[in-house]
$ cat coords-v3.pdb   # PDB, C-alpha atoms
ATOM      1  CA  MET A   1       0.000   0.000   0.000
ATOM      2  CA  GLU A   2       1.512   3.305  -1.090
ATOM      3  CA  SER A   3       1.086   6.897   0.007
ATOM      4  CA  ARG A   4       0.024   9.675  -2.327
ATOM      5  CA  HIS A   5       1.539  12.354  -0.092
ATOM      6  CA  GLU A   6       5.239  11.619  -0.454
ATOM      7  CA  ASN A   7       5.935  15.201  -1.612
ATOM      8  CA  GLN A   8       4.176  16.763   1.379
ATOM      9  CA  PRO A   9       6.730  18.657   3.505
ATOM     10  CA  PRO A  10       7.565  17.332   6.991
ATOM     11  CA  ILE A  11       5.517  18.704   9.885
ATOM     12  CA  SER A  12       7.349  20.749  12.515
ATOM     13  CA  LEU A  13       6.919  19.811  16.184
ATOM     14  CA  PHE A  14       7.835  21.787  19.301
ATOM     15  CA  LYS A  15      10.206  18.948  20.249
ATOM     16  CA  PRO A  16      11.837  16.564  17.742
ATOM     17  CA  LEU A  17      10.190  13.159  17.428
ATOM     18  CA  ARG A  18      12.518  10.628  19.002
ATOM     19  CA  CYS A  19      10.925   7.381  17.806
ATOM     20  CA  ILE A  20       7.907   5.644  16.307
ATOM     21  CA  VAL A  21       7.333   2.269  17.959
ATOM     22  CA  LYS A  22       5.361  -0.550  16.350
ATOM     23  CA  LEU A  23       3.897  -3.050  18.805
ATOM     24  CA  GLY A  24       3.446  -6.170  16.697
ATOM     25  CA  GLY A  25       0.124  -7.889  17.220
ATOM     26  CA  ALA A  26       1.847 -11.245  17.694
ATOM     27  CA  ALA A  27       3.975  -9.783  20.504
ATOM     28  CA  ILE A  28       1.150  -8.313  22.593
ATOM     29  CA  THR A  29      -1.706 -10.757  21.966
ATOM     30  CA  CYS A  30      -2.039 -14.531  22.114
ATOM     31  CA  LYS A  31      -2.023 -15.646  18.474
ATOM     32  CA  ASN A  32      -4.199 -18.733  18.825
ATOM     33  CA  GLU A  33      -6.765 -17.347  21.275
ATOM     34  CA  LEU A  34      -9.422 -14.986  19.948
ATOM     35  CA  GLU A  35      -9.145 -11.493  21.444
ATOM     36  CA  LYS A  36      -6.761 -12.457  24.239
ATOM     37  CA  ILE A  37      -3.997 -10.054  25.304
ATOM     38  CA  ASN A  38      -0.550 -11.262  26.342
ATOM     39  CA  GLU A  39      -0.722  -9.357  29.625
ATOM     40  CA  GLU A  40       2.826 -10.195  30.705
ATOM     41  CA  ASN A  41       4.400  -9.002  27.453
ATOM     42  CA  LEU A  42       2.258  -5.870  27.284
ATOM     43  CA  ALA A  43       3.208  -4.902  30.848
ATOM     44  CA  ALA A  44       6.900  -5.523  30.108
ATOM     45  CA  VAL A  45       6.762  -3.498  26.878
ATOM     46  CA  SER A  46       4.988  -0.644  28.663
ATOM     47  CA  ALA A  47       7.680  -0.599  31.362
ATOM     48  CA  GLN A  48      10.435  -0.539  28.727
ATOM     49  CA  LEU A  49       8.800   2.355  26.888
ATOM     50  CA  ARG A  50       8.591   4.252  30.178
ATOM     51  CA  GLU A  51      12.268   3.558  30.923
ATOM     52  CA  ALA A  52      13.459   4.411  27.420
ATOM     53  CA  PHE A  53      11.640   7.694  26.889
ATOM     54  CA  MET A  54      10.680   9.144  30.276
ATOM     55  CA  SER A  55      12.233   9.972  33.639
ATOM     56  CA  GLY A  56      10.832  10.831  37.050
ATOM     57  CA  ASP A  57       8.347   9.052  39.310
ATOM     58  CA  VAL A  58       5.837   6.648  37.792
ATOM     59  CA  ILE A  59       2.332   8.001  38.318
ATOM     60  CA  GLY A  60      -0.495   5.723  37.198
ATOM     61  CA  MET A  61      -2.990   7.432  34.893
ATOM     62  CA  ASP A  62      -5.661   4.754  34.677
ATOM     63  CA  TRP A  63      -8.274   6.022  37.127
ATOM     64  CA  SER A  64     -11.061   3.735  36.009
ATOM     65  CA  LYS A  65     -12.585   1.006  38.133
ATOM     66  CA  ARG A  66     -11.732  -2.449  36.842
ATOM     67  CA  PRO A  67     -13.982  -5.542  37.014
ATOM     68  CA  GLY A  68     -13.592  -7.303  40.352
ATOM     69  CA  GLN A  69     -12.168  -4.238  42.106
ATOM     70  CA  LEU A  70     -13.982  -2.450  44.909
ATOM     71  CA  ASP A  71     -12.280   0.887  44.378
ATOM     72  CA  LEU A  72      -9.824   2.794  42.208
ATOM     73  CA  SER A  73      -6.246   1.502  42.254
ATOM     74  CA  VAL A  74      -4.758   5.029  42.263
ATOM     75  CA  ASN A  75      -4.816   7.544  45.095
ATOM     76  CA  VAL A  76      -5.446  10.699  43.103
ATOM     77  CA  ASP A  77      -5.266  12.952  46.180
ATOM     78  CA  HIS A  78      -1.461  12.740  46.194
ATOM     79  CA  ILE A  79      -0.912  13.341  42.495
ATOM     80  CA  GLY A  80      -1.137  17.122  42.747
ATOM     81  CA  ASP A  81       2.136  17.176  44.683
ATOM     82  CA  GLN A  82       4.068  15.570  41.839
ATOM     83  CA  SER A  83       6.276  17.594  39.532
ATOM     84  CA  MET A  84       6.038  17.153  35.758
ATOM     85  CA  TRP A  85       8.341  14.522  34.265
ATOM     86  CA  ASP A  86      10.945  14.878  31.549
ATOM     87  CA  ALA A  87       9.891  12.961  28.440
ATOM     88  CA  LYS A  88      10.973  12.468  24.855
ATOM     89  CA  ASN A  89       8.434  12.585  22.047
ATOM     90  CA  PHE A  90       7.421   9.185  20.689
ATOM     91  CA  ILE A  91       4.458   7.541  18.970
ATOM     92  CA  VAL A  92       3.075   4.031  19.407
ATOM     93  CA  VAL A  93       1.342   2.120  16.608
ATOM     94  CA  HIS A  94       0.077  -1.386  17.313
ATOM     95  CA  GLY A  95      -1.060  -4.306  15.217
ATOM     96  CA  ALA A  96      -4.239  -6.282  15.789
ATOM     97  CA  GLY A  97      -2.901  -9.759  16.526
ATOM     98  CA  SER A  98      -5.818 -11.939  17.595
ATOM     99  CA  PHE A  99      -8.123  -8.879  17.531
ATOM    100  CA  GLY A 100      -9.850  -7.817  14.317
ATOM    101  CA  HIS A 101      -8.388 -10.445  11.986
ATOM    102  CA  PHE A 102     -11.213 -12.939  12.516
ATOM    103  CA  GLN A 103     -13.892 -10.317  11.895
ATOM    104  CA  ALA A 104     -12.120  -8.836   8.856
ATOM    105  CA  SER A 105     -11.313 -12.156   7.189
ATOM    106  CA  LYS A 106     -14.781 -13.637   7.724
ATOM    107  CA  SER A 107     -16.484 -10.623   6.170
ATOM    108  CA  GLY A 108     -13.915  -9.717   3.494
ATOM    109  CA  VAL A 109     -13.585  -6.092   4.614
ATOM    110  CA  HIS A 110     -10.186  -5.766   2.901
ATOM    111  CA  LYS A 111     -11.820  -6.523  -0.473
ATOM    112  CA  GLY A 112     -14.420  -3.768  -0.104
ATOM    113  CA  GLY A 113     -18.093  -3.846  -1.069
ATOM    114  CA  LEU A 114     -20.016  -1.880   1.541
ATOM    115  CA  ASP A 115     -23.189  -2.505  -0.452
ATOM    116  CA  GLN A 116     -23.062  -6.069   0.933
ATOM    117  CA  PHE A 117     -24.514  -6.472   4.411
ATOM    118  CA  LEU A 118     -21.836  -8.964   5.494
ATOM    119  CA  VAL A 119     -19.045  -6.520   4.618
ATOM    120  CA  LYS A 120     -20.776  -3.610   6.359
ATOM    121  CA  ALA A 121     -21.404  -5.685   9.476
ATOM    122  CA  GLY A 122     -17.818  -6.955   9.368
ATOM    123  CA  PHE A 123     -16.523  -3.399   9.103
ATOM    124  CA  VAL A 124     -18.362  -2.502  12.316
ATOM    125  CA  ALA A 125     -17.268  -5.724  14.053
ATOM    126  CA  THR A 126     -13.628  -5.228  13.023
ATOM    127  CA  ARG A 127     -13.538  -1.696  14.387
ATOM    128  CA  ILE A 128     -15.170  -2.763  17.660
ATOM    129  CA  SER A 129     -12.449  -5.380  18.072
ATOM    130  CA  VAL A 130      -9.398  -3.256  17.161
ATOM    131  CA  THR A 131     -10.543  -0.209  19.125
ATOM    132  CA  SER A 132     -11.137  -2.373  22.213
ATOM    133  CA  LEU A 133      -7.527  -3.588  21.912
ATOM    134  CA  ASN A 134      -6.383   0.009  21.472
ATOM    135  CA  MET A 135      -8.100   0.965  24.724
ATOM    136  CA  GLU A 136      -6.415  -1.872  26.612
ATOM    137  CA  ILE A 137      -2.994  -0.854  25.273
ATOM    138  CA  VAL A 138      -3.622   2.778  26.182
ATOM    139  CA  ARG A 139      -4.656   1.573  29.643
ATOM    140  CA  ALA A 140      -1.479  -0.508  30.075
ATOM    141  CA  LEU A 141       0.707   2.426  29.016
ATOM    142  CA  ALA A 142      -1.194   4.763  31.348
ATOM    143  CA  GLN A 143      -0.708   2.344  34.236
ATOM    144  CA  ALA A 144       3.039   2.509  33.536
ATOM    145  CA  GLY A 145       2.908   6.290  33.847
ATOM    146  CA  ILE A 146       2.834   7.132  30.124
ATOM    147  CA  PRO A 147       0.326   9.892  29.171
ATOM    148  CA  SER A 148      -1.108   7.914  26.258
ATOM    149  CA  ILE A 149      -4.026   8.916  24.040
ATOM    150  CA  GLY A 150      -5.806   6.522  21.669
ATOM    151  CA  VAL A 151      -6.037   7.763  18.068
ATOM    152  CA  SER A 152      -8.093   5.801  15.532
ATOM    153  CA  PRO A 153      -7.217   6.367  11.853
ATOM    154  CA  PHE A 154     -10.855   6.013  10.724
ATOM    155  CA  SER A 155     -11.998   8.696  13.151
ATOM    156  CA  CYS A 156      -9.175  11.015  12.061
ATOM    157  CA  GLY A 157     -10.154  10.805   8.408
ATOM    158  CA  TRP A 158      -7.583   8.364   7.053
ATOM    159  CA  THR A 159      -8.898   7.025   3.747
ATOM    160  CA  THR A 160      -7.542   4.993   0.849
ATOM    161  CA  ASP A 161      -8.092   4.767  -2.899
ATOM    162  CA  LYS A 162      -7.500   1.352  -4.454
ATOM    163  CA  ARG A 163      -5.991   0.438  -1.068
ATOM    164  CA  ASN A 164      -3.342   3.204  -1.315
ATOM    165  CA  VAL A 165      -3.389   5.985   1.288
ATOM    166  CA  ALA A 166      -5.455   8.850  -0.156
ATOM    167  CA  SER A 167      -5.828  11.138   2.860
ATOM    168  CA  ALA A 168      -4.320  11.107   6.325
ATOM    169  CA  ASP A 169      -4.848  14.007   8.687
ATOM    170  CA  ILE A 170      -2.137  13.695  11.326
ATOM    171  CA  SER A 171      -2.744  17.150  12.801
ATOM    172  CA  ASN A 172      -4.303  15.519  15.878
ATOM    173  CA  VAL A 173      -1.161  13.405  16.322
ATOM    174  CA  ALA A 174       1.057  16.487  16.076
ATOM    175  CA  LYS A 175      -1.132  18.473  18.493
ATOM    176  CA  ALA A 176      -1.137  15.583  20.965
ATOM    177  CA  LEU A 177       2.676  15.395  20.858
ATOM    178  CA  ASP A 178       3.036  19.150  21.273
ATOM    179  CA  SER A 179       0.676  18.969  24.270
ATOM    180  CA  GLY A 180       2.816  16.334  25.976
ATOM    181  CA  PHE A 181       0.756  13.253  25.131
ATOM    182  CA  ILE A 182       1.837   9.981  23.498
ATOM    183  CA  PRO A 183      -0.466   9.105  20.562
ATOM    184  CA  VAL A 184      -1.347   5.411  20.234
ATOM    185  CA  LEU A 185      -2.606   4.455  16.759
ATOM    186  CA  HIS A 186      -3.612   1.091  15.322
ATOM    187  CA  GLY A 187      -4.340  -0.765  12.129
ATOM    188  CA  ASP A 188      -7.936   0.021  11.229
ATOM    189  CA  ALA A 189     -10.830  -0.538   8.863
ATOM    190  CA  VAL A 190     -11.141   2.597   6.720
ATOM    191  CA  LEU A 191     -13.173   3.905   3.799
ATOM    192  CA  ASP A 192     -11.758   3.436   0.295
ATOM    193  CA  HIS A 193     -12.766   5.775  -2.540
ATOM    194  CA  SER A 194     -12.728   3.007  -5.162
ATOM    195  CA  GLN A 195     -13.886  -0.162  -3.429
ATOM    196  CA  GLY A 196     -15.823   1.208  -0.469
ATOM    197  CA  CYS A 197     -13.563   0.027   2.358
ATOM    198  CA  THR A 198     -10.371  -1.838   3.192
ATOM    199  CA  ILE A 199      -7.906  -2.552   5.994
ATOM    200  CA  LEU A 200      -5.163  -0.002   6.639
ATOM    201  CA  SER A 201      -2.205  -1.744   8.280
ATOM    202  CA  GLY A 202      -0.142  -0.351  11.134
ATOM    203  CA  ASP A 203       3.032  -0.740   9.051
ATOM    204  CA  VAL A 204       1.649   1.575   6.358
ATOM    205  CA  ILE A 205       0.559   4.085   9.018
ATOM    206  CA  ILE A 206       4.090   4.119  10.442
ATOM    207  CA  ARG A 207       5.695   4.705   7.057
ATOM    208  CA  HIS A 208       3.342   7.575   6.281
ATOM    209  CA  MET A 209       3.943   9.248   9.658
ATOM    210  CA  ALA A 210       7.700   8.751   9.309
ATOM    211  CA  GLU A 211       7.585  10.687   6.028
ATOM    212  CA  LEU A 212       5.806  13.630   7.660
ATOM    213  CA  LEU A 213       7.201  13.669  11.207
ATOM    214  CA  ARG A 214      10.766  12.390  10.590
ATOM    215  CA  PRO A 215      11.559  10.465  13.790
ATOM    216  CA  GLN A 216      15.195   9.796  14.678
ATOM    217  CA  TYR A 217      14.543   6.058  14.354
ATOM    218  CA  VAL A 218      11.749   3.464  14.194
ATOM    219  CA  VAL A 219      11.489   0.258  16.246
ATOM    220  CA  PHE A 220       9.331  -2.741  15.308
ATOM    221  CA  LEU A 221       8.699  -4.959  18.361
ATOM    222  CA  THR A 222       7.832  -8.514  17.273
ATOM    223  CA  ASP A 223       7.593 -12.035  18.705
ATOM    224  CA  VAL A 224      10.869 -13.141  17.051
ATOM    225  CA  PHE A 225      14.372 -11.666  17.207
ATOM    226  CA  GLY A 226      14.192 -10.133  13.741
ATOM    227  CA  VAL A 227      14.373 -11.133  10.091
ATOM    228  CA  TYR A 228      15.777 -14.570   9.236
ATOM    229  CA  ASP A 229      16.976 -16.236   6.045
ATOM    230  CA  ARG A 230      14.246 -18.879   6.586
ATOM    231  CA  PRO A 231      11.573 -19.605   9.210
ATOM    232  CA  PRO A 232      13.302 -19.184  12.601
ATOM    233  CA  THR A 233      11.844 -22.481  13.826
ATOM    234  CA  GLU A 234      13.935 -24.364  11.264
ATOM    235  CA  PRO A 235      17.391 -25.668  12.275
ATOM    236  CA  ASP A 236      20.317 -23.376  11.476
ATOM    237  CA  ALA A 237      18.111 -20.374  10.673
ATOM    238  CA  VAL A 238      20.323 -17.291  10.377
ATOM    239  CA  LEU A 239      19.357 -13.906  11.845
ATOM    240  CA  LEU A 240      19.958 -11.108   9.332
ATOM    241  CA  LYS A 241      21.491  -8.413  11.519
ATOM    242  CA  GLU A 242      21.962  -5.619   8.981
ATOM    243  CA  ILE A 243      20.059  -4.757   5.795
ATOM    244  CA  ALA A 244      21.126  -1.796   3.633
ATOM    245  CA  VAL A 245      18.693   0.213   1.489
ATOM    246  CA  ASP A 246      19.857   2.309  -1.476
ATOM    247  CA  GLU A 247      18.403   5.516  -2.943
ATOM    248  CA  ASP A 248      16.128   3.482  -5.245
ATOM    249  CA  GLY A 249      14.601   1.630  -2.289
ATOM    250  CA  ASN A 250      16.296  -1.665  -3.133
ATOM    251  CA  TRP A 251      17.604  -3.601  -0.131
ATOM    252  CA  ARG A 252      20.345  -6.127   0.404
ATOM    253  CA  VAL A 253      21.716  -8.056   3.353
ATOM    254  CA  VAL A 254      25.178  -6.869   4.467
ATOM    255  CA  ASN A 255      25.533  -8.781   7.755
ATOM    256  CA  PRO A 256      25.937 -11.718   7.656
ATOM    257  CA  ALA A 257      27.575 -12.004   4.273
ATOM    258  CA  PRO A 258      24.997 -12.883   1.560
ATOM    259  CA  GLU A 259      26.735 -16.138   0.631
ATOM    260  CA  THR A 260      25.883 -17.562   4.071
ATOM    261  CA  MET A 261      22.150 -17.159   3.469
ATOM    262  CA  HIS A 262      20.094 -20.241   2.639
ATOM    263  CA  ARG A 263      17.115 -18.653   0.972
ATOM    264  CA  GLU A 264      14.863 -15.587   0.976
ATOM    265  CA  ALA A 265      14.423 -13.548   4.160
ATOM    266  CA  HIS A 266      11.447 -14.720   6.184
ATOM    267  CA  ASP A 267       9.867 -14.741   9.604
ATOM    268  CA  THR A 268       6.851 -16.372  11.210
ATOM    269  CA  THR A 269       4.833 -13.242  12.008
ATOM    270  CA  GLY A 270       3.271 -13.117   8.525
ATOM    271  CA  GLY A 271       3.601 -10.341   5.975
ATOM    272  CA  MET A 272       7.372 -10.024   6.407
ATOM    273  CA  VAL A 273       7.810  -9.007   2.772
ATOM    274  CA  THR A 274       5.433  -6.100   3.425
ATOM    275  CA  LYS A 275       7.215  -5.276   6.679
ATOM    276  CA  ILE A 276      10.649  -5.166   4.997
ATOM    277  CA  SER A 277       9.234  -3.089   2.130
ATOM    278  CA  GLU A 278       7.729  -0.556   4.551
ATOM    279  CA  ALA A 279      10.925  -0.549   6.638
ATOM    280  CA  ALA A 280      13.007  -0.019   3.482
ATOM    281  CA  ALA A 281      10.828   2.938   2.473
ATOM    282  CA  ILE A 282      11.480   4.474   5.905
ATOM    283  CA  ALA A 283      15.216   3.747   5.796
ATOM    284  CA  LYS A 284      15.390   5.373   2.348
ATOM    285  CA  LEU A 285      14.486   8.634   4.129
ATOM    286  CA  GLY A 286      17.630   8.287   6.248
ATOM    287  CA  ILE A 287      15.711   6.954   9.272
ATOM    288  CA  ASP A 288      17.144   3.786  10.821
ATOM    289  CA  VAL A 289      14.700   0.939  11.476
ATOM    290  CA  TYR A 290      15.152  -1.845  14.039
ATOM    291  CA  ILE A 291      13.168  -5.090  14.117
ATOM    292  CA  VAL A 292      13.619  -6.825  17.467
ATOM    293  CA  LYS A 293      11.904  -9.181  19.888
ATOM    294  CA  ALA A 294       9.641  -7.386  22.361
ATOM    295  CA  ALA A 295      10.277  -7.347  26.108
ATOM    296  CA  THR A 296      13.959  -8.330  25.864
ATOM    297  CA  GLU A 297      17.218  -6.564  26.705
ATOM    298  CA  HIS A 298      17.703  -6.173  22.964
ATOM    299  CA  SER A 299      14.421  -4.303  22.511
ATOM    300  CA  LEU A 300      15.297  -1.954  25.400
ATOM    301  CA  LYS A 301      18.630  -1.103  23.768
ATOM    302  CA  ALA A 302      16.879  -0.387  20.463
ATOM    303  CA  LEU A 303      14.227   1.784  22.135
ATOM    304  CA  LYS A 304      16.908   3.788  23.959
ATOM    305  CA  GLY A 305      18.765   4.386  20.705
ATOM    306  CA  GLU A 306      21.834   2.542  21.963
ATOM    307  CA  VAL A 307      22.264   0.587  18.720
ATOM    308  CA  GLN A 308      22.257   3.622  16.432
ATOM    309  CA  GLY A 309      25.379   4.104  14.372
ATOM    310  CA  LYS A 310      27.117   0.859  15.300
ATOM    311  CA  ILE A 311      25.352  -2.441  16.001
ATOM    312  CA  PRO A 312      26.780  -4.144  19.118
ATOM    313  CA  HIS A 313      28.141  -7.618  18.422
ATOM    314  CA  ASP A 314      25.911  -9.197  21.069
ATOM    315  CA  TRP A 315      22.716  -7.394  20.031
ATOM    316  CA  LEU A 316      20.007  -9.651  18.586
ATOM    317  CA  GLY A 317      17.805  -7.928  16.072
ATOM    318  CA  THR A 318      17.689  -6.635  12.492
ATOM    319  CA  ALA A 319      18.837  -3.116  11.621
ATOM    320  CA  ILE A 320      17.685  -1.594   8.330
ATOM    321  CA  PHE A 321      19.465   1.582   7.230
ATOM    322  CA  PHE A 322      20.245   3.784   4.228
ATOM    323  CA  MET A 323      23.456   3.175   2.285
ATOM    324  CA  ARG A 324      24.210   4.707  -1.106
ATOM    325  CA  LYS A 325      25.067   2.382  -3.995
TER
END

$ encode --input "coords-v3.pdb" --output "C-alpha cells"
Amino acid sequence: MESRHENQPPISLFKPLRCIVKLGGAAITCKNELEKINEENLAAVSAQLREAFMSGDVIGMDWSKRPGQLDLSVNVDHIGDQSMWDAKNFIVVHGAGSFGHFQASKSGVHKGGLDQFLVKAGFVATRISVTSLNMEIVRALAQAGIPSIGVSPFSCGWTTDKRNVASADISNVAKALDSGFIPVLHGDAVLDHSQGCTILSGDVIIRHMAELLRPQYVVFLTDVFGVYDRPPTEPDAVLLKEIAVDEDGNWRVVNPAPETMHREAHDTTGGMVTKISEAAAIAKLGIDVYIVKAATEHSLKALKGEVQGKIPHDWLGTAIFFMRK
C-alpha cells in the first residue's frame, strides 16, 4: 500500500520526534486465542517504553474502576504534589494480533463492497475489536505512567483509494505530541474511494507518519528476534542483523555475508515481505529501522537508541538503514 503524499513537507513539532514504535500484534496478543492479550508481554513493553523515553516518578494514569475491584487503584489525592516529568516525544502504533483479523477475514472487509450487508457488518465488528484492543494498550501504558491517548485512523479521516493511502490528517497526532501526550494508533478498517472500504495496516501508518514527522529512528517490536533467512523455527536459521537500502529503495543483506544465506528472508509473524518493504521505504528517508523481539534486553537497547550508528556484536535484532550504492 503506497502513500500519495510523499511530496508533502515534513511537519514541525515543538520537540523533535525521538521514535515511532510498532507493537506487533503477535507480541502483545495470544495468536491462537481470539481477542486475548498477552498481559505479561504488554506490561513488560509498557515498562520498557517508560524507561526508554521518560524519567521521574511513575504516576499511574488509569483512574477507572476495573472488574472485580472495589475501588480505584490510584490515590489521586497525592498526584497534585508531583512535579512534571521529563519525556521524549514518541508515537506508538500497534497491530491487531488476535483482535480484528477474525472479523475482517470472515467478512472480506479488505476486499471492499459496503453494499453487501456482510461486509458492512464486518466493518463494524472489526472496528469494535481493534478499538477495544487500542483501549487496553492505552490503559497498560497509562498504568506505567505514560500519558497515552488513543487515536483511531478512521476517526481522524484516514482514507484509501485502491488500497493506497489517499488522505491522512495527522494534525491531531502532532497536536497531541506538542501537548505532551503519546499518541497510540492502530491498524484500522477505513473507507476506500474506489472499493468502499479496506484494511489499513499499522506498518503503512508508520511509514506515512515517518515521512511527515521524521523520527530519529523506528522500532518494530515482534515475537521473534528479527528477520531470518528462513523460518526461525527451522534448524540453522540465520538472523539477518543488517540490511542496507539504497536511494532506489532496493535492499540487500550486508551482515551476515549474503553467501551464508540459505534462501529468501522470512519470519513467522506473517507479511514479512510487506514489513521489509515498509521498513526499506522508511530507511530510504535516512531513518534507521530496528526489528527486534519485544520485552527483551535487545528491545530496550533499540528503544533507547543505543544501537544507532554501530550495532553491538551481542545485540540480537535486524537493523535496516540507508546506504548509497

$ resolve_selection --input "coords-v3.pdb" --expression "the PyMOL selection byres ((chain A and resi 105-117) around 8)" --output "VMD selection string"
chain A and resid 101 to 104 118 to 123 189 192 195 to 199

$ resolve_selection --input "coords-v3.pdb" --expression "the PyMOL selection byres ((chain A and resi 280) around 9)" --output "PyMOL selection string"
chain A and resi 243-246+249-251+275-279+281-285+289+320-322

$ resolve_selection --input "coords-v3.pdb" --expression "the PyMOL selection byres ((chain A and resi 43) around 9)" --output "number ranges by chain"
A: 38-42, 44-48, 140-141, 143-144, 295

$ closest_residue --input "coords-v3.pdb" --among "A:Ser64, A:Thr233, A:Ser129, A:Asn255" --to "A:Gly100" --atoms "all atoms listed in the file"
A:Ser129

$ atom_distance --input "coords-v3.pdb" --atom1 "atom CA of A:Pro67" --atom2 "atom CA of A:Leu34"
20.0 Å

$ atom_distance --input "coords-v3.pdb" --atom1 "atom CA of A:Asn89" --atom2 "atom CA of A:Glu211"
16.2 Å

$ closest_residue --input "coords-v3.pdb" --among "A:Tyr290, A:Phe90, A:Tyr228, A:Ser194" --to "A:Glu306" --atoms "all atoms listed in the file"
A:Tyr290

$ residues_around --input "coords-v3.pdb" --residues "A:Ser155" --least-positions-apart "5" --cutoff "12 Å" --atoms "all atoms listed in the file" --output "PyMOL selection string"
chain A and resi 127+131+150+168-170+172+185-186+188-191

$ decode --input "coords-v3.pdb" --residues "stretch 126-140 of chain A" --atoms "N, CA and C atoms" --output "PDB file, in the first residue's frame"
ATOM      1  N   THR A 126     -15.086  -5.368  13.020  1.00  0.00           N
ATOM      2  CA  THR A 126     -13.628  -5.228  13.023  1.00  0.00           C
ATOM      3  C   THR A 126     -13.210  -4.023  13.843  1.00  0.00           C
ATOM      4  N   ARG A 127     -13.902  -2.907  13.655  1.00  0.00           N
ATOM      5  CA  ARG A 127     -13.538  -1.696  14.387  1.00  0.00           C
ATOM      6  C   ARG A 127     -13.835  -1.830  15.885  1.00  0.00           C
ATOM      7  N   ILE A 128     -14.901  -2.513  16.239  1.00  0.00           N
ATOM      8  CA  ILE A 128     -15.170  -2.763  17.660  1.00  0.00           C
ATOM      9  C   ILE A 128     -14.005  -3.529  18.273  1.00  0.00           C
ATOM     10  N   SER A 129     -13.518  -4.532  17.558  1.00  0.00           N
ATOM     11  CA  SER A 129     -12.449  -5.380  18.072  1.00  0.00           C
ATOM     12  C   SER A 129     -11.123  -4.614  18.190  1.00  0.00           C
ATOM     13  N   VAL A 130     -10.717  -3.920  17.129  1.00  0.00           N
ATOM     14  CA  VAL A 130      -9.398  -3.256  17.161  1.00  0.00           C
ATOM     15  C   VAL A 130      -9.389  -2.049  18.097  1.00  0.00           C
ATOM     16  N   THR A 131     -10.514  -1.354  18.206  1.00  0.00           N
ATOM     17  CA  THR A 131     -10.543  -0.209  19.125  1.00  0.00           C
ATOM     18  C   THR A 131     -10.588  -0.668  20.580  1.00  0.00           C
ATOM     19  N   SER A 132     -11.156  -1.846  20.841  1.00  0.00           N
ATOM     20  CA  SER A 132     -11.137  -2.373  22.213  1.00  0.00           C
ATOM     21  C   SER A 132      -9.708  -2.748  22.602  1.00  0.00           C
ATOM     22  N   LEU A 133      -8.939  -3.302  21.653  1.00  0.00           N
ATOM     23  CA  LEU A 133      -7.527  -3.588  21.912  1.00  0.00           C
ATOM     24  C   LEU A 133      -6.763  -2.290  22.132  1.00  0.00           C
ATOM     25  N   ASN A 134      -7.042  -1.280  21.320  1.00  0.00           N
ATOM     26  CA  ASN A 134      -6.383   0.009  21.472  1.00  0.00           C
ATOM     27  C   ASN A 134      -6.606   0.574  22.874  1.00  0.00           C
ATOM     28  N   MET A 135      -7.809   0.461  23.385  1.00  0.00           N
ATOM     29  CA  MET A 135      -8.100   0.965  24.724  1.00  0.00           C
ATOM     30  C   MET A 135      -7.307   0.216  25.789  1.00  0.00           C
ATOM     31  N   GLU A 136      -7.164  -1.089  25.628  1.00  0.00           N
ATOM     32  CA  GLU A 136      -6.415  -1.872  26.612  1.00  0.00           C
ATOM     33  C   GLU A 136      -4.924  -1.533  26.571  1.00  0.00           C
ATOM     34  N   ILE A 137      -4.400  -1.240  25.382  1.00  0.00           N
ATOM     35  CA  ILE A 137      -2.994  -0.854  25.273  1.00  0.00           C
ATOM     36  C   ILE A 137      -2.786   0.539  25.865  1.00  0.00           C
ATOM     37  N   VAL A 138      -3.687   1.446  25.573  1.00  0.00           N
ATOM     38  CA  VAL A 138      -3.622   2.778  26.182  1.00  0.00           C
ATOM     39  C   VAL A 138      -3.671   2.654  27.702  1.00  0.00           C
ATOM     40  N   ARG A 139      -4.528   1.784  28.192  1.00  0.00           N
ATOM     41  CA  ARG A 139      -4.656   1.573  29.643  1.00  0.00           C
ATOM     42  C   ARG A 139      -3.352   1.049  30.245  1.00  0.00           C
ATOM     43  N   ALA A 140      -2.726   0.066  29.572  1.00  0.00           N
ATOM     44  CA  ALA A 140      -1.479  -0.508  30.075  1.00  0.00           C
ATOM     45  C   ALA A 140      -0.365   0.544  30.099  1.00  0.00           C
TER      46      ALA A 140
END
